[in-house]
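Asks: To be precise about what I am sending: the file is called coords_0.pdb and holds PDB, C-alpha atoms, pLDDT in the B column.
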ATOM      1  CA  MET E 250      16.096   5.793  -6.110  1.00 46.00           C
ATOM      2  CA  ARG E 251      13.763   3.025  -7.187  1.00 46.00           C
ATOM      3  CA  ARG E 252      15.163  -0.496  -7.479  1.00 50.00           C
ATOM      4  CA  ALA E 253      14.719  -2.208 -10.838  1.00 50.00           C
ATOM      5  CA  SER E 254      12.157  -4.991 -10.766  1.00 51.00           C
ATOM      6  CA  ARG E 255      13.230  -8.562 -11.388  1.00 52.00           C
ATOM      7  CA  PRO E 256      11.745 -10.789 -14.072  1.00 52.00           C
ATOM      8  CA  ALA E 257       9.125 -13.248 -12.816  1.00 53.00           C
ATOM      9  CA  GLY E 258      10.590 -16.347 -11.224  1.00 48.00           C
ATOM     10  CA  ARG E 259      13.812 -14.713 -10.060  1.00 48.00           C
ATOM     11  CA  SER E 260      14.937 -13.544  -6.670  1.00 51.00           C
ATOM     12  CA  ALA E 261      17.946 -11.635  -5.389  1.00 55.00           C
ATOM     13  CA  GLY E 262      19.845 -14.800  -4.414  1.00 61.00           C
ATOM     14  CA  ASN E 263      18.655 -17.045  -7.241  1.00 54.00           C
ATOM     15  CA  ARG E 264      19.226 -15.872 -10.794  1.00 76.00           C
ATOM     16  CA  GLN E 265      17.951 -19.084 -12.388  1.00 88.00           C
ATOM     17  CA  PRO E 266      14.390 -19.079 -13.738  1.00 93.00           C
ATOM     18  CA  LEU E 267      11.904 -21.420 -12.096  1.00 93.00           C
ATOM     19  CA  THR E 268      11.737 -24.910 -13.517  1.00 94.00           C
ATOM     20  CA  THR E 269       8.499 -26.333 -14.884  1.00 96.00           C
ATOM     21  CA  LYS E 270       8.189 -28.529 -11.771  1.00 96.00           C
ATOM     22  CA  GLN E 271       8.705 -25.538  -9.460  1.00 95.00           C
ATOM     23  CA  LYS E 272       6.055 -23.573 -11.323  1.00 95.00           C
ATOM     24  CA  ARG E 273       3.668 -26.537 -11.114  1.00 95.00           C
ATOM     25  CA  ASP E 274       4.332 -26.948  -7.354  1.00 92.00           C
ATOM     26  CA  LEU E 275       3.724 -23.243  -6.732  1.00 93.00           C
ATOM     27  CA  ALA E 276       0.494 -23.339  -8.733  1.00 95.00           C
ATOM     28  CA  ALA E 277      -0.689 -26.334  -6.684  1.00 92.00           C
ATOM     29  CA  LEU E 278       0.068 -24.499  -3.425  1.00 89.00           C
ATOM     30  CA  ALA E 279      -1.706 -21.365  -4.616  1.00 92.00           C
ATOM     31  CA  ALA E 280      -4.784 -23.428  -5.480  1.00 94.00           C
ATOM     32  CA  LEU E 281      -5.065 -24.933  -1.972  1.00 92.00           C
ATOM     33  CA  PRO E 282      -7.911 -23.556   0.147  1.00 93.00           C
ATOM     34  CA  ASP E 283      -6.699 -21.832   3.342  1.00 89.00           C
ATOM     35  CA  ASP E 284      -8.092 -24.549   5.616  1.00 90.00           C
ATOM     36  CA  ARG E 285      -5.939 -27.177   3.871  1.00 90.00           C
ATOM     37  CA  ILE E 286      -2.666 -25.315   4.483  1.00 85.00           C
ATOM     38  CA  ASP E 287      -0.693 -26.687   7.430  1.00 86.00           C
ATOM     39  CA  THR E 288       0.373 -23.751   9.608  1.00 87.00           C
ATOM     40  CA  SER E 289       1.203 -25.842  12.699  1.00 89.00           C
ATOM     41  CA  ASP E 290       4.873 -24.834  12.483  1.00 93.00           C
ATOM     42  CA  ILE E 291       3.997 -21.127  12.596  1.00 91.00           C
ATOM     43  CA  PRO E 292       3.263 -19.867  16.122  1.00 90.00           C
ATOM     44  CA  GLU E 293       0.282 -17.569  16.661  1.00 89.00           C
ATOM     45  CA  LEU E 294       1.219 -14.019  17.556  1.00 90.00           C
ATOM     46  CA  PRO E 295       0.145 -12.851  21.008  1.00 92.00           C
ATOM     47  CA  LEU E 296      -2.260  -9.883  21.139  1.00 91.00           C
ATOM     48  CA  ARG E 297       0.520  -7.652  22.506  1.00 92.00           C
ATOM     49  CA  ALA E 298       2.377  -8.097  19.192  1.00 91.00           C
ATOM     50  CA  TRP E 299      -0.352  -6.009  17.523  1.00 89.00           C
ATOM     51  CA  LYS E 300      -0.271  -3.222  20.153  1.00 90.00           C
ATOM     52  CA  ASN E 301       1.646  -0.773  17.946  1.00 89.00           C
ATOM     53  CA  ALA E 302       0.372  -2.002  14.590  1.00 88.00           C
ATOM     54  CA  VAL E 303      -0.684   0.719  12.179  1.00 86.00           C
ATOM     55  CA  ARG E 304      -3.258   0.006   9.482  1.00 83.00           C
ATOM     56  CA  GLY E 305      -2.456   1.372   6.046  1.00 84.00           C
ATOM     57  CA  ARG E 306       1.033   2.575   6.979  1.00 84.00           C
ATOM     58  CA  PHE E 307       2.434   1.863   3.522  1.00 87.00           C
ATOM     59  CA  TYR E 308      -0.724   2.743   1.598  1.00 84.00           C
ATOM     60  CA  ARG E 309       0.008   5.198  -1.198  1.00 86.00           C
ATOM     61  CA  PRO E 310      -3.073   6.201  -3.159  1.00 88.00           C
ATOM     62  CA  VAL E 311      -2.739   6.755  -6.887  1.00 90.00           C
ATOM     63  CA  LYS E 312      -2.519  10.445  -7.692  1.00 92.00           C
ATOM     64  CA  GLN E 313      -4.598  11.928 -10.486  1.00 94.00           C
ATOM     65  CA  ALA E 314      -3.828  15.244 -12.133  1.00 95.00           C
ATOM     66  CA  VAL E 315      -6.832  17.577 -12.156  1.00 95.00           C
ATOM     67  CA  SER E 316      -7.556  21.165 -13.037  1.00 95.00           C
ATOM     68  CA  LEU E 317      -9.345  22.871 -10.172  1.00 94.00           C
ATOM     69  CA  ARG E 318     -10.487  26.484  -9.974  1.00 97.00           C
ATOM     70  CA  LEU E 319     -10.069  27.857  -6.453  1.00 96.00           C
ATOM     71  CA  ASP E 320     -10.566  31.312  -4.995  1.00 98.00           C
ATOM     72  CA  ALA E 321      -7.354  33.364  -5.074  1.00 97.00           C
ATOM     73  CA  ASP E 322      -7.349  33.891  -1.306  1.00 98.00           C
ATOM     74  CA  VAL E 323      -7.669  30.128  -0.712  1.00 97.00           C
ATOM     75  CA  VAL E 324      -4.674  29.453  -2.980  1.00 97.00           C
ATOM     76  CA  ALA E 325      -2.677  32.200  -1.230  1.00 97.00           C
ATOM     77  CA  TRP E 326      -3.540  30.653   2.155  1.00 97.00           C
ATOM     78  CA  LEU E 327      -2.436  27.193   0.974  1.00 96.00           C
ATOM     79  CA  LYS E 328       0.841  28.601  -0.420  1.00 97.00           C
ATOM     80  CA  LYS E 329       1.628  30.801   2.604  1.00 97.00           C
ATOM     81  CA  PRO E 330       3.562  28.147   4.618  1.00 96.00           C
ATOM     82  CA  GLY E 331       5.773  27.475   1.578  1.00 95.00           C
ATOM     83  CA  LYS E 332       6.377  24.569  -0.747  1.00 96.00           C
ATOM     84  CA  GLY E 333       3.794  21.779  -0.830  1.00 95.00           C
ATOM     85  CA  TYR E 334       0.497  23.620  -1.196  1.00 96.00           C
ATOM     86  CA  GLN E 335      -0.998  20.842  -3.350  1.00 95.00           C
ATOM     87  CA  THR E 336      -0.103  18.268  -0.701  1.00 95.00           C
ATOM     88  CA  ARG E 337      -1.733  20.470   1.946  1.00 97.00           C
ATOM     89  CA  ALA E 338      -4.874  20.823  -0.158  1.00 97.00           C
ATOM     90  CA  ASN E 339      -4.973  17.049  -0.669  1.00 96.00           C
ATOM     91  CA  HIS E 340      -4.526  16.454   3.070  1.00 96.00           C
ATOM     92  CA  LEU E 341      -7.379  18.825   3.953  1.00 97.00           C
ATOM     93  CA  LEU E 342      -9.677  17.249   1.372  1.00 96.00           C
ATOM     94  CA  ARG E 343      -8.780  13.729   2.566  1.00 94.00           C
ATOM     95  CA  GLN E 344      -9.519  14.661   6.197  1.00 96.00           C
ATOM     96  CA  GLN E 345     -12.935  15.982   5.181  1.00 96.00           C
ATOM     97  CA  MET E 346     -13.623  12.949   2.983  1.00 95.00           C
ATOM     98  CA  LEU E 347     -12.796  10.531   5.816  1.00 93.00           C
ATOM     99  CA  ALA E 348     -14.925  12.529   8.271  1.00 95.00           C
ATOM    100  CA  ASP E 349     -17.855  12.408   5.851  1.00 95.00           C
ATOM    101  CA  MET E 350     -17.392   8.672   5.352  1.00 93.00           C
ATOM    102  CA  ARG E 351     -17.606   8.083   9.118  1.00 92.00           C
ATOM    103  CA  LYS E 352     -21.006   9.779   9.348  1.00 88.00           C
ATOM    104  CA  PRO E 353     -23.977   7.390   9.549  1.00 83.00           C
TER     105      PRO E 353
END
Would you put the structure from the file into structure tokens?
Replies:
Amino acid sequence: MRRASRPAGRSAGNRQPLTTKQKRDLAALAALPDDRIDTSDIPELPLRAWKNAVRGRFYRPVKQAVSLRLDADVVAWLKKPGKGYQTRANHLLRQQMLADMRKP
């Protein structure tokens, strides 16, 4: 079940909208260049902290409905393992796409 989104300026613990001053302060912080932000109170992570990191773990590409004419035996092969033949077809196409992108 998807959680309902909150209106801008609200959080789970704070139901009051942001004041004009708060909005102005946030805008000023957002406008600061990275090299002007004081991060001295945030420790650097050691390299071992990234050992099990996975890039793109939560990436969910946008799906697009298409009409695609495939050979009947290819469709039967995709459907043979059961439910999810479109997901299987997408996975196979993505693997091939990524392999092609890696080629020089």
Asks: When distances are computed from only C-alpha atoms, which of E:Ala277, E:Ala314, E:Lys272, E:Asp320 shows the smallest separation from E:Asn339?
Replies: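 Smallest separation from E:Asn339 among the options: E:Ala314.
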Asks: Expressed in Å to a single decimal, how great is the separation between atom CA of E:Gln335 and atom CA of E:Lys312?
Replies: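 The value is 11.4 Å.
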Asks: In Å to one decimal, how far is atom CA of E:Ala338 from atom CA of E:Arg351?
Replies: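 Between these atoms lies a distance of 20.3 Å.
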Asks: What separation in Å, quoted to one decimal, exists between atom CA of E:Thr336 and atom CA of E:Pro353?
Replies: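 A separation of 28.2 Å between them.
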Asks: Reconstruct N, CA and C atoms of stretch 269-300 of chain E from the incomplete input and present them as a tab-separated table (two decimals), in the frame of the given file.
Replies:
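The new file part-v8.tsv reads:
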chain	number	residue	atom	x	y	z
E	269	THR	N	9.90	-25.98	-14.65
E	269	THR	CA	8.50	-26.33	-14.88
E	269	THR	C	7.90	-26.98	-13.64
E	270	LYS	N	8.67	-27.87	-12.99
E	270	LYS	CA	8.19	-28.53	-11.77
E	270	LYS	C	7.95	-27.51	-10.66
E	271	GLN	N	8.87	-26.56	-10.49
E	271	GLN	CA	8.70	-25.54	-9.46
E	271	GLN	C	7.45	-24.70	-9.72
E	272	LYS	N	7.24	-24.34	-10.97
E	272	LYS	CA	6.06	-23.57	-11.32
E	272	LYS	C	4.79	-24.38	-11.04
E	273	ARG	N	4.82	-25.66	-11.35
E	273	ARG	CA	3.67	-26.54	-11.11
E	273	ARG	C	3.41	-26.66	-9.61
E	274	ASP	N	4.48	-26.84	-8.81
E	274	ASP	CA	4.33	-26.95	-7.35
E	274	ASP	C	3.75	-25.66	-6.76
E	275	LEU	N	4.24	-24.53	-7.22
E	275	LEU	CA	3.72	-23.24	-6.73
E	275	LEU	C	2.26	-23.06	-7.10
E	276	ALA	N	1.89	-23.45	-8.31
E	276	ALA	CA	0.49	-23.34	-8.73
E	276	ALA	C	-0.40	-24.22	-7.87
E	277	ALA	N	0.09	-25.43	-7.52
E	277	ALA	CA	-0.69	-26.33	-6.68
E	277	ALA	C	-0.87	-25.75	-5.28
E	278	LEU	N	0.17	-25.14	-4.74
E	278	LEU	CA	0.07	-24.50	-3.42
E	278	LEU	C	-0.90	-23.32	-3.46
E	279	ALA	N	-0.83	-22.53	-4.49
E	279	ALA	CA	-1.71	-21.36	-4.62
E	279	ALA	C	-3.17	-21.78	-4.73
E	280	ALA	N	-3.41	-22.95	-5.28
E	280	ALA	CA	-4.78	-23.43	-5.48
E	280	ALA	C	-5.38	-24.03	-4.21
E	281	LEU	N	-4.56	-24.33	-3.21
E	281	LEU	CA	-5.07	-24.93	-1.97
E	281	LEU	C	-5.95	-23.95	-1.21
E	282	PRO	N	-7.10	-24.42	-0.72
E	282	PRO	CA	-7.91	-23.56	0.15
E	282	PRO	C	-7.16	-23.32	1.46
E	283	ASP	N	-7.41	-22.19	2.12
E	283	ASP	CA	-6.70	-21.83	3.34
E	283	ASP	C	-6.78	-22.91	4.42
E	284	ASP	N	-7.94	-23.55	4.56
E	284	ASP	CA	-8.09	-24.55	5.62
E	284	ASP	C	-7.31	-25.83	5.37
E	285	ARG	N	-6.76	-26.00	4.19
E	285	ARG	CA	-5.94	-27.18	3.87
E	285	ARG	C	-4.44	-26.90	4.02
E	286	ILE	N	-4.08	-25.67	4.33
E	286	ILE	CA	-2.67	-25.32	4.48
E	286	ILE	C	-2.25	-25.56	5.92
E	287	ASP	N	-1.19	-26.34	6.10
E	287	ASP	CA	-0.69	-26.69	7.43
E	287	ASP	C	0.15	-25.53	7.96
E	288	THR	N	-0.36	-24.87	8.99
E	288	THR	CA	0.37	-23.75	9.61
E	288	THR	C	0.82	-24.11	11.02
E	289	SER	N	0.87	-25.41	11.34
E	289	SER	CA	1.20	-25.84	12.70
E	289	SER	C	2.62	-25.46	13.10
E	290	ASP	N	3.50	-25.21	12.15
E	290	ASP	CA	4.87	-24.83	12.48
E	290	ASP	C	5.05	-23.32	12.61
E	291	ILE	N	3.95	-22.58	12.48
E	291	ILE	CA	4.00	-21.13	12.60
E	291	ILE	C	3.25	-20.74	13.87
E	292	PRO	N	3.96	-20.20	14.87
E	292	PRO	CA	3.26	-19.87	16.12
E	292	PRO	C	2.32	-18.67	15.94
E	293	GLU	N	1.22	-18.70	16.68
E	293	GLU	CA	0.28	-17.57	16.66
E	293	GLU	C	0.93	-16.40	17.38
E	294	LEU	N	0.69	-15.21	16.90
E	294	LEU	CA	1.22	-14.02	17.56
E	294	LEU	C	0.34	-13.66	18.75
E	295	PRO	N	0.95	-13.29	19.87
E	295	PRO	CA	0.14	-12.85	21.01
E	295	PRO	C	-0.48	-11.49	20.70
E	296	LEU	N	-1.57	-11.15	21.38
E	296	LEU	CA	-2.26	-9.88	21.14
E	296	LEU	C	-1.34	-8.68	21.33
E	297	ARG	N	-0.38	-8.79	22.27
E	297	ARG	CA	0.52	-7.65	22.51
E	297	ARG	C	1.40	-7.36	21.29
E	298	ALA	N	1.57	-8.32	20.39
E	298	ALA	CA	2.38	-8.10	19.19
E	298	ALA	C	1.71	-7.09	18.25
E	299	TRP	N	0.40	-6.92	18.40
E	299	TRP	CA	-0.35	-6.01	17.52
E	299	TRP	C	-0.57	-4.65	18.17
E	300	LYS	N	-0.03	-4.44	19.39
E	300	LYS	CA	-0.27	-3.22	20.15
E	300	LYS	C	0.08	-1.95	19.37
